file structure_16.pdb (PDB, C-alpha atoms and all ligand atoms)
ATOM      1  CA  MET O   1      -4.858  33.977  22.241  1.00  0.00           C
ATOM      2  CA  ARG O   2      -4.463  34.258  18.485  1.00  0.00           C
ATOM      3  CA  ILE O   3      -3.605  31.094  16.627  1.00  0.00           C
ATOM      4  CA  VAL O   4      -2.562  30.247  13.110  1.00  0.00           C
ATOM      5  CA  VAL O   5      -3.325  26.656  12.078  1.00  0.00           C
ATOM      6  CA  LEU O   6      -1.248  24.798   9.484  1.00  0.00           C
ATOM      7  CA  VAL O   7      -2.764  21.833   7.637  1.00  0.00           C
ATOM      8  CA  SER O   8      -1.801  19.483   4.810  1.00  0.00           C
ATOM      9  CA  GLY O   9      -4.904  17.337   4.565  1.00  0.00           C
ATOM     10  CA  THR O  10      -8.356  16.548   5.858  1.00  0.00           C
ATOM     11  CA  GLY O  11      -8.382  18.937   8.776  1.00  0.00           C
ATOM     12  CA  SER O  12     -10.646  16.948  11.094  1.00  0.00           C
ATOM     13  CA  ASN O  13      -8.678  18.165  14.111  1.00  0.00           C
ATOM     14  CA  LEU O  14      -8.955  21.709  12.785  1.00  0.00           C
ATOM     15  CA  GLN O  15     -12.731  21.208  12.441  1.00  0.00           C
ATOM     16  CA  ALA O  16     -12.894  20.212  16.115  1.00  0.00           C
ATOM     17  CA  VAL O  17     -11.113  23.466  17.020  1.00  0.00           C
ATOM     18  CA  ILE O  18     -13.420  25.494  14.761  1.00  0.00           C
ATOM     19  CA  ASP O  19     -16.491  23.847  16.333  1.00  0.00           C
ATOM     20  CA  ALA O  20     -15.235  24.354  19.892  1.00  0.00           C
ATOM     21  CA  VAL O  21     -14.572  28.044  19.171  1.00  0.00           C
ATOM     22  CA  ALA O  22     -18.003  28.418  17.516  1.00  0.00           C
ATOM     23  CA  VAL O  23     -19.882  27.135  20.570  1.00  0.00           C
ATOM     24  CA  GLY O  24     -17.697  29.055  23.023  1.00  0.00           C
ATOM     25  CA  ASP O  25     -15.970  25.957  24.469  1.00  0.00           C
ATOM     26  CA  LEU O  26     -12.651  27.390  23.444  1.00  0.00           C
ATOM     27  CA  LYS O  27     -11.871  31.060  23.777  1.00  0.00           C
ATOM     28  CA  LEU O  28      -9.318  31.885  21.144  1.00  0.00           C
ATOM     29  CA  GLU O  29      -9.095  33.666  17.846  1.00  0.00           C
ATOM     30  CA  ILE O  30      -8.245  31.693  14.713  1.00  0.00           C
ATOM     31  CA  ALA O  31      -6.296  34.346  12.814  1.00  0.00           C
ATOM     32  CA  ALA O  32      -5.777  32.214   9.703  1.00  0.00           C
ATOM     33  CA  VAL O  33      -5.462  28.673   8.392  1.00  0.00           C
ATOM     34  CA  GLY O  34      -2.647  27.889   5.963  1.00  0.00           C
ATOM     35  CA  ALA O  35      -1.482  24.959   3.868  1.00  0.00           C
ATOM     36  CA  ASP O  36       1.649  23.790   2.092  1.00  0.00           C
ATOM     37  CA  ARG O  37      -0.253  22.432  -0.893  1.00  0.00           C
ATOM     38  CA  PRO O  38      -3.307  23.517  -2.868  1.00  0.00           C
ATOM     39  CA  GLY O  39      -6.721  21.892  -2.566  1.00  0.00           C
ATOM     40  CA  THR O  40      -6.634  20.685   1.040  1.00  0.00           C
ATOM     41  CA  TYR O  41      -9.955  19.898   2.675  1.00  0.00           C
ATOM     42  CA  GLY O  42      -8.640  21.554   5.826  1.00  0.00           C
ATOM     43  CA  VAL O  43      -8.411  24.927   4.065  1.00  0.00           C
ATOM     44  CA  GLU O  44     -11.870  24.367   2.572  1.00  0.00           C
ATOM     45  CA  ARG O  45     -13.258  23.755   6.054  1.00  0.00           C
ATOM     46  CA  ALA O  46     -11.651  26.961   7.310  1.00  0.00           C
ATOM     47  CA  ALA O  47     -12.971  29.018   4.397  1.00  0.00           C
ATOM     48  CA  ALA O  48     -16.451  27.543   4.889  1.00  0.00           C
ATOM     49  CA  ALA O  49     -16.312  28.693   8.509  1.00  0.00           C
ATOM     50  CA  GLY O  50     -15.348  32.201   7.364  1.00  0.00           C
ATOM     51  CA  TYR O  51     -11.697  32.170   8.348  1.00  0.00           C
ATOM     52  CA  GLU O  52      -8.872  33.695   6.365  1.00  0.00           C
ATOM     53  CA  THR O  53      -6.776  31.105   4.553  1.00  0.00           C
ATOM     54  CA  PHE O  54      -3.402  31.114   2.830  1.00  0.00           C
ATOM     55  CA  LEU O  55      -1.179  28.852   0.786  1.00  0.00           C
ATOM     56  CA  VAL O  56       2.608  28.748   0.809  1.00  0.00           C
ATOM     57  CA  ASN O  57       2.997  26.032  -1.797  1.00  0.00           C
ATOM     58  CA  PHE O  58       6.035  23.848  -1.144  1.00  0.00           C
ATOM     59  CA  ARG O  59       6.270  23.049  -4.851  1.00  0.00           C
ATOM     60  CA  ASP O  60       6.619  26.725  -5.781  1.00  0.00           C
ATOM     61  CA  TYR O  61      10.082  26.854  -4.203  1.00  0.00           C
ATOM     62  CA  ALA O  62      13.193  25.242  -5.691  1.00  0.00           C
ATOM     63  CA  VAL O  63      15.056  25.693  -2.409  1.00  0.00           C
ATOM     64  CA  ARG O  64      13.529  24.372   0.808  1.00  0.00           C
ATOM     65  CA  ALA O  65      14.980  27.212   2.914  1.00  0.00           C
ATOM     66  CA  ASP O  66      13.136  29.733   0.712  1.00  0.00           C
ATOM     67  CA  TRP O  67       9.838  27.955   1.331  1.00  0.00           C
ATOM     68  CA  ASN O  68      10.585  27.945   5.062  1.00  0.00           C
ATOM     69  CA  ARG O  69      11.324  31.664   5.004  1.00  0.00           C
ATOM     70  CA  ALA O  70       8.151  32.442   3.059  1.00  0.00           C
ATOM     71  CA  LEU O  71       6.076  30.320   5.435  1.00  0.00           C
ATOM     72  CA  THR O  72       7.658  31.980   8.469  1.00  0.00           C
ATOM     73  CA  GLU O  73       6.972  35.466   7.118  1.00  0.00           C
ATOM     74  CA  LYS O  74       3.380  34.624   6.202  1.00  0.00           C
ATOM     75  CA  VAL O  75       2.610  33.068   9.584  1.00  0.00           C
ATOM     76  CA  ALA O  76       4.369  35.908  11.443  1.00  0.00           C
ATOM     77  CA  SER O  77       2.269  38.465   9.542  1.00  0.00           C
ATOM     78  CA  TYR O  78      -0.732  37.293  11.597  1.00  0.00           C
ATOM     79  CA  ALA O  79       1.164  37.875  14.874  1.00  0.00           C
ATOM     80  CA  PRO O  80      -0.014  34.608  16.406  1.00  0.00           C
ATOM     81  CA  ASP O  81       0.511  33.642  20.049  1.00  0.00           C
ATOM     82  CA  VAL O  82       0.433  29.996  19.024  1.00  0.00           C
ATOM     83  CA  VAL O  83       1.016  28.200  15.730  1.00  0.00           C
ATOM     84  CA  LEU O  84      -0.735  24.838  15.517  1.00  0.00           C
ATOM     85  CA  SER O  85       0.494  22.091  13.238  1.00  0.00           C
ATOM     86  CA  SER O  86      -2.703  20.108  12.731  1.00  0.00           C
ATOM     87  CA  GLY O  87      -1.778  17.379  10.291  1.00  0.00           C
ATOM     88  CA  PHE O  88       0.851  19.664   8.715  1.00  0.00           C
ATOM     89  CA  MET O  89       3.124  17.141   7.035  1.00  0.00           C
ATOM     90  CA  ARG O  90       6.257  19.239   6.487  1.00  0.00           C
ATOM     91  CA  ILE O  91       9.303  19.632   8.639  1.00  0.00           C
ATOM     92  CA  VAL O  92      10.044  23.274   9.320  1.00  0.00           C
ATOM     93  CA  ASP O  93      13.570  24.546   9.866  1.00  0.00           C
ATOM     94  CA  GLU O  94      15.310  26.428  12.662  1.00  0.00           C
ATOM     95  CA  HIS O  95      14.357  29.785  11.139  1.00  0.00           C
ATOM     96  CA  PHE O  96      10.665  28.965  11.572  1.00  0.00           C
ATOM     97  CA  ILE O  97      11.150  27.431  15.045  1.00  0.00           C
ATOM     98  CA  ASP O  98      13.238  30.389  16.226  1.00  0.00           C
ATOM     99  CA  SER O  99      10.455  32.749  15.178  1.00  0.00           C
ATOM    100  CA  PHE O 100       7.886  30.873  17.291  1.00  0.00           C
ATOM    101  CA  VAL O 101       9.998  29.306  20.053  1.00  0.00           C
ATOM    102  CA  GLY O 102       7.822  27.348  22.473  1.00  0.00           C
ATOM    103  CA  ARG O 103       4.704  28.422  20.581  1.00  0.00           C
ATOM    104  CA  TYR O 104       4.661  25.905  17.755  1.00  0.00           C
ATOM    105  CA  ILE O 105       2.344  23.082  18.824  1.00  0.00           C
ATOM    106  CA  ASN O 106       2.039  19.771  17.012  1.00  0.00           C
ATOM    107  CA  THR O 107      -0.335  16.874  17.352  1.00  0.00           C
ATOM    108  CA  HIS O 108       0.763  13.346  16.479  1.00  0.00           C
ATOM    109  CA  PRO O 109      -1.153  10.039  16.340  1.00  0.00           C
ATOM    110  CA  ALA O 110       1.230   7.969  18.489  1.00  0.00           C
ATOM    111  CA  LEU O 111       2.740   8.025  21.953  1.00  0.00           C
ATOM    112  CA  LEU O 112       5.931   9.961  21.225  1.00  0.00           C
ATOM    113  CA  PRO O 113       8.826   9.417  21.257  1.00  0.00           C
ATOM    114  CA  SER O 114       7.586   6.136  19.736  1.00  0.00           C
ATOM    115  CA  PHE O 115       6.572   6.112  16.085  1.00  0.00           C
ATOM    116  CA  PRO O 116       7.313   9.654  14.876  1.00  0.00           C
ATOM    117  CA  GLY O 117       6.910  10.567  11.226  1.00  0.00           C
ATOM    118  CA  ALA O 118       4.192  10.544   8.615  1.00  0.00           C
ATOM    119  CA  HIS O 119       2.961   7.006   9.396  1.00  0.00           C
ATOM    120  CA  GLY O 120       2.696   6.889  13.176  1.00  0.00           C
ATOM    121  CA  VAL O 121      -0.437   4.743  13.174  1.00  0.00           C
ATOM    122  CA  ARG O 122       0.790   2.308  10.495  1.00  0.00           C
ATOM    123  CA  ASP O 123       4.182   1.937  12.192  1.00  0.00           C
ATOM    124  CA  ALA O 124       2.655   1.251  15.629  1.00  0.00           C
ATOM    125  CA  LEU O 125       0.321  -1.353  14.125  1.00  0.00           C
ATOM    126  CA  ALA O 126       3.161  -2.994  12.198  1.00  0.00           C
ATOM    127  CA  TYR O 127       5.300  -3.156  15.339  1.00  0.00           C
ATOM    128  CA  GLY O 128       2.492  -4.959  17.142  1.00  0.00           C
ATOM    129  CA  VAL O 129       2.100  -2.637  20.129  1.00  0.00           C
ATOM    130  CA  LYS O 130      -1.008  -3.252  22.257  1.00  0.00           C
ATOM    131  CA  ILE O 131      -1.313   0.343  23.376  1.00  0.00           C
ATOM    132  CA  THR O 132      -0.715   3.418  21.252  1.00  0.00           C
ATOM    133  CA  GLY O 133      -2.309   6.846  21.365  1.00  0.00           C
ATOM    134  CA  CYS O 134      -1.681  10.481  20.603  1.00  0.00           C
ATOM    135  CA  THR O 135       0.569  13.294  21.718  1.00  0.00           C
ATOM    136  CA  VAL O 136       0.283  17.059  21.754  1.00  0.00           C
ATOM    137  CA  HIS O 137       3.698  18.663  22.096  1.00  0.00           C
ATOM    138  CA  ILE O 138       5.741  21.783  21.575  1.00  0.00           C
ATOM    139  CA  ALA O 139       7.462  21.150  18.267  1.00  0.00           C
ATOM    140  CA  ASP O 140      11.094  21.790  17.520  1.00  0.00           C
ATOM    141  CA  ALA O 141      12.895  21.382  14.205  1.00  0.00           C
ATOM    142  CA  GLY O 142      12.962  17.581  14.453  1.00  0.00           C
ATOM    143  CA  VAL O 143      10.449  15.021  13.242  1.00  0.00           C
ATOM    144  CA  ASP O 144       7.685  15.052  15.883  1.00  0.00           C
ATOM    145  CA  THR O 145      10.137  15.964  18.647  1.00  0.00           C
ATOM    146  CA  GLY O 146       9.938  18.520  21.452  1.00  0.00           C
ATOM    147  CA  PRO O 147       8.514  18.826  24.984  1.00  0.00           C
ATOM    148  CA  ILE O 148       5.305  16.836  25.537  1.00  0.00           C
ATOM    149  CA  LEU O 149       2.249  18.744  26.753  1.00  0.00           C
ATOM    150  CA  ALA O 150      -0.350  15.950  26.844  1.00  0.00           C
ATOM    151  CA  GLN O 151      -0.847  12.332  25.828  1.00  0.00           C
ATOM    152  CA  ALA O 152      -3.736   9.872  25.700  1.00  0.00           C
ATOM    153  CA  ALA O 153      -3.549   6.088  25.346  1.00  0.00           C
ATOM    154  CA  VAL O 154      -5.622   4.083  22.874  1.00  0.00           C
ATOM    155  CA  GLU O 155      -5.836   0.280  22.931  1.00  0.00           C
ATOM    156  CA  VAL O 156      -5.042  -1.584  19.733  1.00  0.00           C
ATOM    157  CA  LEU O 157      -7.863  -4.074  19.079  1.00  0.00           C
ATOM    158  CA  ASP O 158      -7.679  -7.417  17.276  1.00  0.00           C
ATOM    159  CA  GLY O 159      -8.449  -6.867  13.622  1.00  0.00           C
ATOM    160  CA  ASP O 160      -7.628  -3.142  13.717  1.00  0.00           C
ATOM    161  CA  THR O 161      -6.639  -1.625  10.389  1.00  0.00           C
ATOM    162  CA  GLU O 162      -4.643   1.591  10.081  1.00  0.00           C
ATOM    163  CA  GLU O 163      -7.924   3.391   9.319  1.00  0.00           C
ATOM    164  CA  SER O 164      -9.974   1.947  12.215  1.00  0.00           C
ATOM    165  CA  LEU O 165      -7.159   2.572  14.698  1.00  0.00           C
ATOM    166  CA  HIS O 166      -6.519   6.099  13.405  1.00  0.00           C
ATOM    167  CA  GLU O 167     -10.224   6.935  13.747  1.00  0.00           C
ATOM    168  CA  ARG O 168     -10.212   5.869  17.425  1.00  0.00           C
ATOM    169  CA  ILE O 169      -6.967   7.763  18.012  1.00  0.00           C
ATOM    170  CA  LYS O 170      -8.442  10.872  16.398  1.00  0.00           C
ATOM    171  CA  VAL O 171     -11.354  10.835  18.870  1.00  0.00           C
ATOM    172  CA  GLN O 172      -8.802  11.120  21.683  1.00  0.00           C
ATOM    173  CA  GLU O 173      -6.593  13.474  19.680  1.00  0.00           C
ATOM    174  CA  ARG O 174      -9.401  15.986  19.187  1.00  0.00           C
ATOM    175  CA  ARG O 175     -10.245  15.911  22.901  1.00  0.00           C
ATOM    176  CA  LEU O 176      -6.589  16.300  23.883  1.00  0.00           C
ATOM    177  CA  LEU O 177      -6.018  19.122  21.418  1.00  0.00           C
ATOM    178  CA  ILE O 178      -9.020  21.119  22.619  1.00  0.00           C
ATOM    179  CA  GLU O 179      -8.032  20.586  26.267  1.00  0.00           C
ATOM    180  CA  THR O 180      -4.452  21.647  25.587  1.00  0.00           C
ATOM    181  CA  LEU O 181      -5.486  24.745  23.656  1.00  0.00           C
ATOM    182  CA  ARG O 182      -7.906  25.622  26.458  1.00  0.00           C
ATOM    183  CA  GLN O 183      -5.097  25.339  28.983  1.00  0.00           C
ATOM    184  CA  LEU O 184      -2.765  27.427  26.855  1.00  0.00           C
ATOM    185  CA  SER O 185      -5.437  30.072  26.334  1.00  0.00           C
ATOM    186  CA  THR O 186      -6.131  30.389  30.047  1.00  0.00           C
ATOM    187  CA  MET O 187      -2.698  29.737  31.551  1.00  0.00           C
ATOM    188  CA  GLY O 188      -0.473  30.951  28.747  1.00  0.00           C
ATOM    189  CA  VAL O 189       2.159  29.257  26.657  1.00  0.00           C
ATOM    190  CA  PRO O 190       4.940  27.714  28.758  1.00  0.00           C
ATOM    191  CA  SER O 191       8.003  29.890  28.403  1.00  0.00           C
ATOM    192  CA  LEU O 192      11.069  28.188  27.020  1.00  0.00           C
ATOM    193  CA  PRO O 193      14.560  29.642  27.034  1.00  0.00           C
ATOM    194  CA  GLN O 194      15.265  31.641  23.883  1.00  0.00           C
ATOM    195  CA  ARG O 195      17.997  30.099  21.757  1.00  0.00           C
TER     196      ARG O 195
HETATM  197  C1  LIG O 201      -3.686  13.608  12.662  1.00  0.00           C
HETATM  198  O1  LIG O 201      -3.923  12.339  13.208  1.00  0.00           O
HETATM  199  C2  LIG O 201      -2.329  14.137  13.083  1.00  0.00           C
HETATM  200  O2  LIG O 201      -1.933  13.706  14.324  1.00  0.00           O
HETATM  201  C3  LIG O 201      -1.435  13.529  12.022  1.00  0.00           C
HETATM  202  O3  LIG O 201      -2.146  13.707  10.844  1.00  0.00           O
HETATM  203  C4  LIG O 201      -3.542  13.568  11.141  1.00  0.00           C
HETATM  204  C5  LIG O 201      -4.249  14.720  10.482  1.00  0.00           C
HETATM  205  O4  LIG O 201      -5.623  14.522  10.514  1.00  0.00           O
HETATM  206  N1  LIG O 201      -0.151  14.184  12.023  1.00  0.00           N
HETATM  207  C6  LIG O 201       0.995  13.538  11.872  1.00  0.00           C
HETATM  208  O5  LIG O 201       1.062  12.347  11.584  1.00  0.00           O
HETATM  209  C7  LIG O 201       2.241  14.375  12.068  1.00  0.00           C
HETATM  210  N2  LIG O 201       3.379  13.560  12.109  1.00  0.00           N
HETATM  211  P1  LIG O 201      -6.617  15.709  10.112  1.00  0.00           P
HETATM  212  O6  LIG O 201      -6.045  16.400   8.892  1.00  0.00           O
HETATM  213  O7  LIG O 201      -7.904  15.018   9.808  1.00  0.00           O
HETATM  214  O8  LIG O 201      -6.703  16.638  11.314  1.00  0.00           O
END
call {"tool": "encode", "arguments": {"input": "structure_16.pdb", "output": "structure tokens", "more": "lines below"}}
Ligand code: GAR
result
Amino acid sequence: MRIVVLVSGTGSNLQAVIDAVAVGDLKLEIAAVGADRPGTYGVERAAAAGYETFLVNFRDYAVRADWNRALTEKVASYAPDVVLSSGFMRIVDEHFIDSFVGRYINTHPALLPSFPGAHGVRDALAYGVKITGCTVHIADAGVDTGPILAQAAVEVLDGDTEESLHERIKVQERRLLIETLRQLSTMGVPSLPQR
């Protein structure tokens, strides 16, 4: 299984994938790691591990659809079986989704469909939920929507801050992500009807 990973930030989930591949816990090929903005730590991590990296800078495009098209073409050039959104904080359009139907996987730090968006941890904390968690799902063109592959629950503790809660969620998120990728690499990507 060849994967392309998309990141916008720190890339700690990506690092977990890189580490699992390095020790043979995960049998897949990371074809490339790409970002939507320059200077991400995620891309640095990938380069440090010897992987090919690319940038399709959102700010270089006046029209969003042009950025989407450029991203789609770049990702497709690696012929991935799976595209992983690992903290990739941009919504992609139908053109991208249609090019990777059922093969675009996203990870989110909340129990979807609750608390989608860029602040899943903050929103769950603000709402006052006692249990939150993380979700790995097949992404569609919505905001953190699409068929759920796996979820894990994380208890919200008294005195939790967004940071402390997100750190505990990320422990589960990394585990869930590796498990899901392992399943996909051995059992294949679930086939969805072509649109
Ligand atoms: C992760 O918790 C991921 O679920 C979240 O961004 C974080 C990235 O961390 N993604 C979203 O909120 C998507 N809506 P990382 O860059 O350290 O892997």
call {"tool": "closest_residue", "arguments": {"input": "structure_16.pdb", "among": "O:Ala65, O:Ala141, O:Ala22, O:Ala79", "to": "Ile91 in chain O", "atoms": "only C-alpha atoms"}}
result
O:Ala141
call {"tool": "residues_near_ligand", "arguments": {"input": "structure_16.pdb", "ligand": "ligand LIG 201 (chain O)", "cutoff": "10 Å", "atoms": "all atoms listed in the file", "output": "VMD selection string"}}
result
chain O and resid 6 to 17 40 to 42 85 to 91 106 to 110 115 to 121 133 to 136 143 to 145 166 to 174 177
call {"tool": "resolve_selection", "arguments": {"input": "structure_16.pdb", "expression": "the PyMOL selection byres (((chain O and resi 131) around 6) and not hetatm)", "output": "JSON, numbers by chain"}}
result
{"O": [129, 130, 132, 154, 155, 156]}
call {"tool": "atom_distance", "arguments": {"input": "structure_16.pdb", "atom1": "CA of Glu162 in chain O", "atom2": "CA of Leu125 in chain O"}}
result
7.0 Å
call {"tool": "residues_around", "arguments": {"input": "structure_16.pdb", "residues": "range 1-5 of chain O", "least_positions_apart": "6", "cutoff": "12 Å", "atoms": "all atoms listed in the file", "output": "ChimeraX atom specification"}}
result
/O:11,13-15,17-18,21,26-36,42-43,45-46,51-55,71-72,74-88,100,103-107,181-189
call {"tool": "build_atoms", "arguments": {"input": "structure_16.pdb", "residues": "range 38-66 of chain O", "atoms": "N, CA and C atoms", "output": "short mmCIF file (atom, residue, chain, number, x, y, z; two decimals), in the frame of the given file"}}
result
data_model
loop_
_atom_site.label_atom_id
_atom_site.label_comp_id
_atom_site.auth_asym_id
_atom_site.auth_seq_id
_atom_site.Cartn_x
_atom_site.Cartn_y
_atom_site.Cartn_z
N PRO O 38 -1.97 23.04 -2.52
CA PRO O 38 -3.31 23.52 -2.87
C PRO O 38 -4.35 22.42 -2.69
N GLY O 39 -5.60 22.83 -2.54
CA GLY O 39 -6.72 21.89 -2.57
C GLY O 39 -6.91 21.04 -1.33
N THR O 40 -6.42 21.50 -0.17
CA THR O 40 -6.63 20.68 1.04
C THR O 40 -8.05 20.90 1.57
N TYR O 41 -8.61 19.81 2.10
CA TYR O 41 -9.96 19.90 2.68
C TYR O 41 -9.93 20.76 3.94
N GLY O 42 -8.78 20.74 4.62
CA GLY O 42 -8.64 21.55 5.83
C GLY O 42 -8.85 23.04 5.53
N VAL O 43 -8.25 23.52 4.45
CA VAL O 43 -8.41 24.93 4.07
C VAL O 43 -9.86 25.20 3.64
N GLU O 44 -10.44 24.23 2.95
CA GLU O 44 -11.87 24.37 2.57
C GLU O 44 -12.75 24.52 3.80
N ARG O 45 -12.47 23.69 4.82
CA ARG O 45 -13.26 23.76 6.05
C ARG O 45 -13.13 25.14 6.69
N ALA O 46 -11.89 25.66 6.69
CA ALA O 46 -11.65 26.96 7.31
C ALA O 46 -12.39 28.07 6.55
N ALA O 47 -12.30 28.00 5.22
CA ALA O 47 -12.97 29.02 4.40
C ALA O 47 -14.47 28.95 4.60
N ALA O 48 -15.01 27.72 4.69
CA ALA O 48 -16.45 27.54 4.89
C ALA O 48 -16.90 28.14 6.22
N ALA O 49 -15.98 28.13 7.19
CA ALA O 49 -16.31 28.69 8.51
C ALA O 49 -16.04 30.20 8.56
N GLY O 50 -15.55 30.75 7.45
CA GLY O 50 -15.35 32.20 7.36
C GLY O 50 -13.98 32.68 7.80
N TYR O 51 -13.03 31.77 7.93
CA TYR O 51 -11.70 32.17 8.35
C TYR O 51 -10.80 32.48 7.15
N GLU O 52 -9.84 33.37 7.40
CA GLU O 52 -8.87 33.70 6.36
C GLU O 52 -7.97 32.48 6.13
N THR O 53 -7.65 32.24 4.87
CA THR O 53 -6.78 31.10 4.55
C THR O 53 -5.60 31.59 3.69
N PHE O 54 -4.54 30.79 3.69
CA PHE O 54 -3.40 31.11 2.83
C PHE O 54 -2.71 29.84 2.39
N LEU O 55 -1.94 29.97 1.33
CA LEU O 55 -1.18 28.85 0.79
C LEU O 55 0.26 29.30 0.59
N VAL O 56 1.19 28.55 1.16
CA VAL O 56 2.61 28.75 0.81
C VAL O 56 3.03 27.40 0.21
N ASN O 57 2.89 27.31 -1.09
CA ASN O 57 3.00 26.03 -1.80
C ASN O 57 4.45 25.55 -1.83
N PHE O 58 4.68 24.41 -1.20
CA PHE O 58 6.04 23.85 -1.14
C PHE O 58 6.62 23.68 -2.54
N ARG O 59 5.79 23.33 -3.49
CA ARG O 59 6.27 23.05 -4.85
C ARG O 59 6.63 24.32 -5.64
N ASP O 60 6.27 25.47 -5.11
CA ASP O 60 6.62 26.72 -5.78
C ASP O 60 8.06 27.15 -5.51
N TYR O 61 8.74 26.43 -4.62
CA TYR O 61 10.08 26.85 -4.20
C TYR O 61 11.11 25.79 -4.56
N ALA O 62 12.14 26.19 -5.30
CA ALA O 62 13.19 25.24 -5.69
C ALA O 62 14.07 24.91 -4.48
N VAL O 63 14.18 25.87 -3.57
CA VAL O 63 15.06 25.69 -2.41
C VAL O 63 14.19 25.64 -1.15
N ARG O 64 14.36 24.59 -0.38
CA ARG O 64 13.53 24.37 0.81
C ARG O 64 13.60 25.55 1.79
N ALA O 65 14.81 26.10 1.97
CA ALA O 65 14.98 27.21 2.91
C ALA O 65 14.14 28.42 2.50
N ASP O 66 13.95 28.61 1.19
CA ASP O 66 13.14 29.73 0.71
C ASP O 66 11.67 29.52 1.07
#
